[in-house]
Amino acid sequence: MVTLSNEPSAPRAIKRRNLGWLVGRRPALAVGVLLFAVLPLMANPYQVYVGNLALIYVILAVGLNILLGLAGQLSFANGALFGVGAYATGLLRLDAGLPFWLALPVGTAITVAIGLAVALPALRLRGLYLALATVAFAQFALWTFVHWDSVTHGTAGFVMAPVDFTALGLRTTTGIYYLSLVLAVLLVAAAYGIMRSRVGRALVALRESEVAAESIAVDITRTKIVAYTLTAVYAGVAGGLFAGLLNVVVPESFNLFQIVLQFCMVVVGGLGSIAGSAIAAVLLIVLQEGLRGMQDLQEIGLGLLLLGMLLFAPGGLVQALRRWLPGWTEPHSRGGDE
Amino acid sequence: MADLSIERLSLSFGGLAALSDVDIAVPAGEIRGIIGPNGAGKTTLLNVISGLVRPTEGEIRLDGQPLTRLKASEVAARGVGRTFQTSLLFKGMTVLENVMAGMHQGLRTSVLAAAVGLPGVLREERRARERAREALAFVGMLSFAERDGASLSFGQQRLVEIARSLVAEPKVLLLDEPAVGLSPPRVAELDELLRRIRDKRGITIIMVEHVIRLVMGVCDRITVLNSGRKIADGTPDVILADPFVKEAYLGKSSDADRA
């Protein structure tokens, strides 16, 4: 039996266990879900609204993390796709008369279709070129929201009747809130399932080296399409819920600030870390709401935060969590340089 | 076991010939060494075989089936594994996960099944984990399974890369300078590992290597490339004795020091 190993040292994982799983990722996420579940029982309507917004951004950030953090594709299209989701669901309700429960999945399907239309030309692009092409798409989408008056209702956007949850015995705000919570939990669980499977490993392989990925029979084009599709699903669902939460859809919600905000969540959380994206989404939404009324400060603050994280903590929140909480394991995250 | 044949292979980049008219036939179960001075086209040859670079002319066949027009991922799927000169382990994954990634082709889990978490998915993951551990044990790296790939030495990373190729059950394994940076005792262990890969797994090996001691010790036959042309082909003894080889490669290059 050969051992080309120098000395087989004990894996760190064994030491971790003793310090308890209580501070691990799963219990932390469970506590988070529990807190969100009881929030409407004790909070005022504004706080419930902020909580709901946070849940929507959890979906968005976890979805973007699949494309950006796991697959390593620098796409700026997600703010616009979020908009497509909101517009599609909203317009299907307002102008096509579909009920919300039907408009949301159909709107998501439309978002995926448009996401794929962007992805197909983007498949051949990498890095900076991909970034430029997707920024161009984002600007084009915004232009369409503003100028295609006959469909999008132009600059002023449109207002819808609140979604009706009386069939479930819930008020609109409570109904949207719990729907967002359930979808967020399901979509985060789905992201974990995907990440831990051969699909997730193929995505990370793609991120790390296309050449090495191909050498293990990973089809680059196909894997990229999977990543773009998944991210578009999350953006579509989040967009539909956003329209349902606000009952108003206006173009300026989906400008460049939107994509900076989403990028911030993924980077602050830690590229590739699902838990990190979710936690950062909640933190940044709370922060943003805290700074409401100081629009300039919001944008400058986010920019500084993004820059600071990239410079000083490229591994993101999750790397700090892994360092300080021994029970915290986080598969497949980029991890920065440890 | 599978044989690989390379017929009249040429590759030129805008008039500059990287490979010209290369013919190599590697019978099933052989360990073939490819040597030659820097810039001879050795790595390029591996890149062409694995489908990363399309040849200008010529044909590559695995068991008689042409590989030449396939994408790199399809060539890999047909049973051609490889490792790289600079380690290309996937960062952010443990050693075990890296090896499991190598099983991509053999696993069936779809995106939807993984997202929903069907019971079949977990069963397949368990099986994959087992097989990956087995491959790590085969290359002697099992005790590093839970480590971060980036924390290993170059030699260890290359062994993990070999394990990652082995789990895909390739018919042919292409190795690009597997002995770079290894101390003499480690080179001897690599020699033994390569033999076991051939004997126990029935894998044909094509290896580009500068460490002459390893090449001469383990290879059944050696092909010498110089400026993109094949200048010699034969058993180690014949190659060592070939005056043309001595002049083109062993004599003039500092690599001879390592022999």
# chains A, B, ... in the order shown; residues from 1 in each chain; ligands from 1
>>> residues_around(residues="region 158-164 of chain B", least_positions_apart="2", cutoff="9 Å", atoms="only C-alpha atoms", output="PDB file with N, CA and C atoms, in the first residue's frame")
ATOM      1  N   LEU A   4       1.432   8.361  -0.635  1.00  0.00           N
ATOM      2  CA  LEU A   4       2.248   9.472  -1.093  1.00  0.00           C
ATOM      3  C   LEU A   4       2.010  10.666  -0.191  1.00  0.00           C
ATOM      4  N   ILE A 216     -13.691  16.320 -16.927  1.00  0.00           N
ATOM      5  CA  ILE A 216     -14.485  15.343 -16.176  1.00  0.00           C
ATOM      6  C   ILE A 216     -15.869  15.215 -16.808  1.00  0.00           C
TER       7      ILE A 216
ATOM      8  N   GLY B  81      -9.600  10.177 -19.729  1.00  0.00           N
ATOM      9  CA  GLY B  81      -9.418  11.044 -18.565  1.00  0.00           C
ATOM     10  C   GLY B  81      -8.089  11.758 -18.674  1.00  0.00           C
ATOM     11  N   ARG B  82      -7.936  12.835 -17.896  1.00  0.00           N
ATOM     12  CA  ARG B  82      -6.622  13.477 -17.924  1.00  0.00           C
ATOM     13  C   ARG B  82      -6.352  14.288 -16.667  1.00  0.00           C
ATOM     14  N   THR B  83      -5.068  14.542 -16.456  1.00  0.00           N
ATOM     15  CA  THR B  83      -4.661  15.479 -15.413  1.00  0.00           C
ATOM     16  C   THR B  83      -3.837  16.569 -16.090  1.00  0.00           C
ATOM     17  N   PHE B  84      -3.613  17.648 -15.349  1.00  0.00           N
ATOM     18  CA  PHE B  84      -2.975  18.809 -15.950  1.00  0.00           C
ATOM     19  C   PHE B  84      -1.620  19.098 -15.319  1.00  0.00           C
ATOM     20  N   GLN B  85      -0.842  19.900 -16.062  1.00  0.00           N
ATOM     21  CA  GLN B  85       0.499  20.231 -15.600  1.00  0.00           C
ATOM     22  C   GLN B  85       0.454  21.004 -14.295  1.00  0.00           C
ATOM     23  N   THR B  86      -0.386  22.052 -14.285  1.00  0.00           N
ATOM     24  CA  THR B  86      -0.602  22.762 -13.036  1.00  0.00           C
ATOM     25  C   THR B  86      -1.899  22.210 -12.474  1.00  0.00           C
ATOM     26  N   SER B  87      -1.897  21.922 -11.202  1.00  0.00           N
ATOM     27  CA  SER B  87      -3.059  21.264 -10.617  1.00  0.00           C
ATOM     28  C   SER B  87      -4.319  22.093 -10.845  1.00  0.00           C
ATOM     29  N   LEU B  88      -5.361  21.434 -11.268  1.00  0.00           N
ATOM     30  CA  LEU B  88      -6.644  22.112 -11.456  1.00  0.00           C
ATOM     31  C   LEU B  88      -7.710  21.491 -10.560  1.00  0.00           C
ATOM     32  N   LEU B  89      -7.368  21.358  -9.293  1.00  0.00           N
ATOM     33  CA  LEU B  89      -8.402  20.944  -8.342  1.00  0.00           C
ATOM     34  C   LEU B  89      -9.387  22.098  -8.190  1.00  0.00           C
ATOM     35  N   VAL B  95     -11.387  17.585  -0.741  1.00  0.00           N
ATOM     36  CA  VAL B  95     -10.738  16.578  -1.584  1.00  0.00           C
ATOM     37  C   VAL B  95     -11.765  15.547  -2.048  1.00  0.00           C
ATOM     38  N   LEU B  96     -12.610  15.103  -1.105  1.00  0.00           N
ATOM     39  CA  LEU B  96     -13.610  14.084  -1.452  1.00  0.00           C
ATOM     40  C   LEU B  96     -14.599  14.612  -2.497  1.00  0.00           C
ATOM     41  N   ASN B  98     -14.069  16.933  -4.648  1.00  0.00           N
ATOM     42  CA  ASN B  98     -13.355  17.021  -5.922  1.00  0.00           C
ATOM     43  C   ASN B  98     -13.409  15.692  -6.655  1.00  0.00           C
ATOM     44  N   VAL B  99     -13.150  14.627  -5.911  1.00  0.00           N
ATOM     45  CA  VAL B  99     -13.152  13.306  -6.553  1.00  0.00           C
ATOM     46  C   VAL B  99     -14.569  12.946  -6.989  1.00  0.00           C
ATOM     47  N   MET B 100     -15.562  13.277  -6.146  1.00  0.00           N
ATOM     48  CA  MET B 100     -16.948  13.003  -6.527  1.00  0.00           C
ATOM     49  C   MET B 100     -17.335  13.762  -7.798  1.00  0.00           C
ATOM     50  N   ALA B 101     -16.761  14.967  -7.958  1.00  0.00           N
ATOM     51  CA  ALA B 101     -17.053  15.740  -9.170  1.00  0.00           C
ATOM     52  C   ALA B 101     -16.629  14.960 -10.419  1.00  0.00           C
ATOM     53  N   GLY B 102     -15.587  14.158 -10.262  1.00  0.00           N
ATOM     54  CA  GLY B 102     -15.102  13.363 -11.386  1.00  0.00           C
ATOM     55  C   GLY B 102     -16.099  12.327 -11.872  1.00  0.00           C
ATOM     56  N   MET B 103     -17.091  12.032 -11.031  1.00  0.00           N
ATOM     57  CA  MET B 103     -18.086  11.014 -11.378  1.00  0.00           C
ATOM     58  C   MET B 103     -19.260  11.577 -12.165  1.00  0.00           C
ATOM     59  N   ALA B 132     -15.813   7.365  -4.324  1.00  0.00           N
ATOM     60  CA  ALA B 132     -14.770   8.395  -4.280  1.00  0.00           C
ATOM     61  C   ALA B 132     -13.748   8.048  -3.198  1.00  0.00           C
ATOM     62  N   ALA B 135     -11.479   5.408  -4.477  1.00  0.00           N
ATOM     63  CA  ALA B 135     -10.459   5.926  -5.398  1.00  0.00           C
ATOM     64  C   ALA B 135      -9.367   6.662  -4.629  1.00  0.00           C
ATOM     65  N   LEU B 136      -9.756   7.390  -3.579  1.00  0.00           N
ATOM     66  CA  LEU B 136      -8.762   8.093  -2.772  1.00  0.00           C
ATOM     67  C   LEU B 136      -7.847   7.100  -2.061  1.00  0.00           C
ATOM     68  N   ALA B 137      -8.432   5.997  -1.587  1.00  0.00           N
ATOM     69  CA  ALA B 137      -7.624   4.963  -0.953  1.00  0.00           C
ATOM     70  C   ALA B 137      -6.656   4.370  -1.974  1.00  0.00           C
ATOM     71  N   PHE B 138      -7.113   4.201  -3.195  1.00  0.00           N
ATOM     72  CA  PHE B 138      -6.287   3.618  -4.252  1.00  0.00           C
ATOM     73  C   PHE B 138      -5.028   4.441  -4.509  1.00  0.00           C
ATOM     74  N   VAL B 139      -5.167   5.782  -4.447  1.00  0.00           N
ATOM     75  CA  VAL B 139      -3.984   6.623  -4.666  1.00  0.00           C
ATOM     76  C   VAL B 139      -3.303   6.994  -3.348  1.00  0.00           C
ATOM     77  N   GLY B 140      -3.810   6.460  -2.232  1.00  0.00           N
ATOM     78  CA  GLY B 140      -3.168   6.705  -0.946  1.00  0.00           C
ATOM     79  C   GLY B 140      -3.465   8.059  -0.338  1.00  0.00           C
ATOM     80  N   MET B 141      -4.637   8.624  -0.653  1.00  0.00           N
ATOM     81  CA  MET B 141      -4.957   9.965  -0.148  1.00  0.00           C
ATOM     82  C   MET B 141      -6.223   9.983   0.701  1.00  0.00           C
ATOM     83  N   GLY B 149      -8.835  21.106  -0.828  1.00  0.00           N
ATOM     84  CA  GLY B 149      -7.865  20.723  -1.846  1.00  0.00           C
ATOM     85  C   GLY B 149      -6.664  21.656  -1.913  1.00  0.00           C
ATOM     86  N   SER B 153      -0.064  19.714  -0.829  1.00  0.00           N
ATOM     87  CA  SER B 153       1.133  19.999  -1.627  1.00  0.00           C
ATOM     88  C   SER B 153       0.812  19.678  -3.094  1.00  0.00           C
ATOM     89  N   PHE B 154       1.670  20.167  -3.991  1.00  0.00           N
ATOM     90  CA  PHE B 154       1.426  19.915  -5.416  1.00  0.00           C
ATOM     91  C   PHE B 154       1.348  18.431  -5.725  1.00  0.00           C
ATOM     92  N   GLY B 155       2.265  17.681  -5.139  1.00  0.00           N
ATOM     93  CA  GLY B 155       2.279  16.244  -5.399  1.00  0.00           C
ATOM     94  C   GLY B 155       0.985  15.593  -4.957  1.00  0.00           C
ATOM     95  N   GLN B 156       0.505  16.010  -3.790  1.00  0.00           N
ATOM     96  CA  GLN B 156      -0.753  15.447  -3.270  1.00  0.00           C
ATOM     97  C   GLN B 156      -1.930  15.857  -4.141  1.00  0.00           C
ATOM     98  N   LEU B 166      -9.852   8.728 -12.139  1.00  0.00           N
ATOM     99  CA  LEU B 166     -10.104   7.285 -12.041  1.00  0.00           C
ATOM    100  C   LEU B 166     -11.569   6.968 -11.755  1.00  0.00           C
ATOM    101  N   VAL B 167     -12.249   7.799 -10.956  1.00  0.00           N
ATOM    102  CA  VAL B 167     -13.645   7.473 -10.618  1.00  0.00           C
ATOM    103  C   VAL B 167     -14.546   7.487 -11.846  1.00  0.00           C
ATOM    104  N   ALA B 168     -14.108   8.157 -12.905  1.00  0.00           N
ATOM    105  CA  ALA B 168     -14.914   8.171 -14.130  1.00  0.00           C
ATOM    106  C   ALA B 168     -14.703   6.882 -14.919  1.00  0.00           C
ATOM    107  N   LEU B 173      -5.915   7.142 -19.831  1.00  0.00           N
ATOM    108  CA  LEU B 173      -5.628   8.253 -18.929  1.00  0.00           C
ATOM    109  C   LEU B 173      -4.452   9.043 -19.482  1.00  0.00           C
ATOM    110  N   LEU B 175      -1.697  11.839 -18.716  1.00  0.00           N
ATOM    111  CA  LEU B 175      -1.084  12.517 -17.572  1.00  0.00           C
ATOM    112  C   LEU B 175      -0.057  13.516 -18.083  1.00  0.00           C
ATOM    113  N   PRO B 178       3.161  14.251 -14.407  1.00  0.00           N
ATOM    114  CA  PRO B 178       2.686  13.923 -13.045  1.00  0.00           C
ATOM    115  C   PRO B 178       3.792  13.955 -12.000  1.00  0.00           C
ATOM    116  N   ALA B 179       5.040  13.888 -12.405  1.00  0.00           N
ATOM    117  CA  ALA B 179       6.124  13.804 -11.409  1.00  0.00           C
ATOM    118  C   ALA B 179       6.758  15.147 -11.075  1.00  0.00           C
ATOM    119  N   LEU B 190       4.987   6.937  -7.322  1.00  0.00           N
ATOM    120  CA  LEU B 190       4.174   7.233  -8.492  1.00  0.00           C
ATOM    121  C   LEU B 190       4.338   6.140  -9.550  1.00  0.00           C
TER     122      LEU B 190
END
>>> residues_around(residues="Leu203 (chain A)", least_positions_apart="2", cutoff="7 Å", atoms="only C-alpha atoms", output="number ranges by chain")
A: 70-71, 199-201, 205-207, 223
>>> write_last_selection(atoms="N, CA, C and O atoms", output="compact mmCIF listing (two decimals), in the first residue's frame")
# COMPACT_ATOMS: atom_id res chain seq x y z
N LEU A 70 -21.84 30.12 -7.39
CA LEU A 70 -21.52 28.72 -7.67
C LEU A 70 -20.95 28.55 -9.06
O LEU A 70 -19.90 27.95 -9.24
N ALA A 71 -21.65 29.07 -10.07
CA ALA A 71 -21.20 28.85 -11.45
C ALA A 71 -20.17 29.88 -11.89
O ALA A 71 -19.53 29.71 -12.92
N VAL A 199 -25.03 18.14 -9.87
CA VAL A 199 -25.26 19.40 -10.57
C VAL A 199 -24.47 20.52 -9.91
O VAL A 199 -23.81 21.32 -10.58
N GLY A 200 -24.52 20.56 -8.58
CA GLY A 200 -23.78 21.59 -7.85
C GLY A 200 -22.28 21.46 -8.06
O GLY A 200 -21.57 22.45 -8.24
N ARG A 201 -21.80 20.22 -8.06
CA ARG A 201 -20.36 20.02 -8.28
C ARG A 201 -19.97 20.46 -9.69
O ARG A 201 -18.89 21.02 -9.89
N ALA A 205 -17.27 23.27 -10.65
CA ALA A 205 -16.21 22.91 -11.59
C ALA A 205 -16.12 23.97 -12.69
O ALA A 205 -15.04 24.43 -13.05
N LEU A 206 -17.28 24.37 -13.17
CA LEU A 206 -17.35 25.40 -14.21
C LEU A 206 -16.73 26.71 -13.71
O LEU A 206 -15.98 27.37 -14.41
N ARG A 207 -17.06 27.08 -12.47
CA ARG A 207 -16.53 28.31 -11.89
C ARG A 207 -15.01 28.25 -11.79
O ARG A 207 -14.32 29.21 -12.10
N THR A 223 -24.28 23.19 -18.68
CA THR A 223 -24.21 23.57 -17.28
C THR A 223 -24.50 25.06 -17.10
O THR A 223 -25.18 25.46 -16.15
>>> select_by_dssp(residues="region 197-319 of chain A", states="alpha helix (DSSP H)", output="short mmCIF file (atom, residue, chain, number, x, y, z; two decimals) with C-alpha atoms, in the first residue's frame")
data_model
loop_
_atom_site.label_atom_id
_atom_site.label_comp_id
_atom_site.auth_asym_id
_atom_site.auth_seq_id
_atom_site.Cartn_x
_atom_site.Cartn_y
_atom_site.Cartn_z
CA ARG A 198 -23.64 16.28 -9.13
CA VAL A 199 -25.26 19.40 -10.57
CA GLY A 200 -23.78 21.59 -7.85
CA ARG A 201 -20.36 20.02 -8.28
CA ALA A 202 -20.57 20.65 -12.03
CA LEU A 203 -21.42 24.31 -11.36
CA VAL A 204 -18.42 24.74 -9.09
CA ALA A 205 -16.21 22.91 -11.59
CA LEU A 206 -17.35 25.40 -14.21
CA ARG A 207 -16.53 28.31 -11.89
CA GLU A 208 -13.06 27.02 -11.07
CA GLU A 210 -13.76 25.29 -17.71
CA VAL A 211 -10.88 23.16 -19.00
CA ALA A 212 -10.82 20.93 -15.93
CA ALA A 213 -14.63 20.76 -15.94
CA GLU A 214 -14.60 19.49 -19.50
CA SER A 215 -11.99 16.92 -18.58
CA ILE A 220 -19.96 23.63 -20.32
CA THR A 221 -22.82 25.00 -22.40
CA ARG A 222 -25.41 22.82 -20.78
CA THR A 223 -24.21 23.57 -17.28
CA LYS A 224 -24.30 27.31 -17.95
CA ILE A 225 -27.86 27.00 -19.26
CA VAL A 226 -28.82 25.17 -16.07
CA ALA A 227 -27.31 27.98 -13.98
CA TYR A 228 -29.03 30.76 -15.93
CA THR A 229 -32.35 28.92 -15.82
CA LEU A 230 -32.22 28.32 -12.08
CA THR A 231 -31.32 31.92 -11.33
CA ALA A 232 -34.15 33.12 -13.58
CA VAL A 233 -36.63 30.91 -11.71
CA TYR A 234 -35.64 32.53 -8.41
CA ALA A 235 -35.76 36.03 -9.93
CA GLY A 236 -39.18 35.33 -11.45
CA VAL A 237 -40.70 34.07 -8.20
CA ALA A 238 -39.16 36.97 -6.27
CA GLY A 239 -40.43 39.47 -8.84
CA GLY A 240 -43.97 38.07 -8.69
CA LEU A 241 -43.99 38.23 -4.90
CA PHE A 242 -42.58 41.78 -5.03
CA ALA A 243 -45.47 42.85 -7.27
CA GLY A 244 -47.89 41.13 -4.88
CA LEU A 245 -46.33 42.82 -1.87
CA LEU A 246 -46.30 46.38 -3.21
CA LEU A 256 -28.75 49.77 -11.63
CA PHE A 257 -29.12 50.21 -7.87
CA GLN A 258 -31.16 47.01 -7.84
CA ILE A 259 -28.33 44.92 -9.23
CA VAL A 260 -25.77 46.57 -6.94
CA LEU A 261 -27.97 45.67 -4.00
CA GLN A 262 -28.24 42.03 -5.11
CA PHE A 263 -24.50 41.77 -5.82
CA CYS A 264 -23.85 43.20 -2.38
CA MET A 265 -25.95 40.48 -0.78
CA VAL A 266 -24.11 37.68 -2.55
CA VAL A 267 -20.66 39.16 -1.95
CA VAL A 268 -21.28 40.24 1.65
CA GLY A 269 -22.70 36.79 2.39
CA ILE A 274 -26.33 29.86 0.24
CA ALA A 275 -26.65 30.59 3.95
CA GLY A 276 -24.42 33.63 3.51
CA SER A 277 -26.61 35.03 0.72
CA ALA A 278 -29.73 34.51 2.81
CA ILE A 279 -28.28 36.13 5.92
CA ALA A 280 -26.81 39.06 3.99
CA ALA A 281 -30.13 39.62 2.22
CA VAL A 282 -31.92 40.04 5.53
CA LEU A 283 -29.18 42.25 7.00
CA LEU A 284 -28.98 44.53 3.96
CA ILE A 285 -32.75 44.97 3.70
CA VAL A 286 -32.93 45.91 7.37
CA LEU A 287 -29.99 48.27 6.90
CA GLN A 288 -31.56 49.79 3.81
CA GLU A 289 -34.84 50.38 5.60
CA GLY A 290 -32.97 51.90 8.52
CA GLN A 295 -31.28 57.88 -0.44
CA ASP A 296 -27.78 59.16 -1.16
CA LEU A 297 -26.39 57.57 1.95
CA GLN A 298 -28.00 54.28 0.94
CA GLU A 299 -26.23 54.14 -2.38
CA ILE A 300 -22.88 55.37 -1.08
CA GLY A 301 -23.15 53.03 1.89
CA LEU A 302 -23.81 50.00 -0.29
CA GLY A 303 -20.96 50.89 -2.61
CA LEU A 304 -18.57 51.26 0.30
CA LEU A 305 -19.78 48.03 1.85
CA LEU A 306 -19.23 46.13 -1.41
CA LEU A 307 -15.77 47.63 -1.85
CA GLY A 308 -14.84 47.00 1.76
CA MET A 309 -15.93 43.39 1.66
CA LEU A 310 -14.06 42.74 -1.59
CA LEU A 311 -10.90 44.29 -0.18
CA PHE A 312 -10.89 43.07 3.39
CA GLY A 316 -17.81 37.24 3.19
CA LEU A 317 -19.85 36.83 6.34
CA VAL A 318 -19.86 33.09 6.03
CA GLN A 319 -16.10 32.90 6.30
#
>>> residues_around(residues="region 128-145 of chain A", least_positions_apart="2", cutoff="6 Å", atoms="only C-alpha atoms", output="list of chain:residue names")
A:Leu74, A:Ser75, A:Phe76, A:Ala77, A:Ala80, A:Leu125, A:Arg126, A:His147, A:Trp148, A:Thr152, A:Pro251
>>> select_by_dssp(residues="region 23-59 of chain B", states="strand (DSSP E)", output="list in words")
Asp23, Ile24, Ala25, Val26, Ile31, Arg32, Gly33, Ile34, Ile35, Glu57, Gly58 and Glu59 of chain B
>>> closest_residue(among="A:Gly85, A:Gly193, A:Pro314, A:Gly107", to="Val121 (chain B)", atoms="only C-alpha atoms")
A:Gly193
>>> residues_around(residues="Ile6 (chain B)", least_positions_apart="2", cutoff="7 Å", atoms="only C-alpha atoms", output="list in words")
Leu4, Arg8, Leu9, Asp23, Ile24, Ala25, Glu59, Ile60 and Arg61 of chain B
>>> closest_residue(among="A:Gly69, A:Pro105, A:Gly169, A:Pro121", to="chain B", atoms="only C-alpha atoms")
A:Gly69
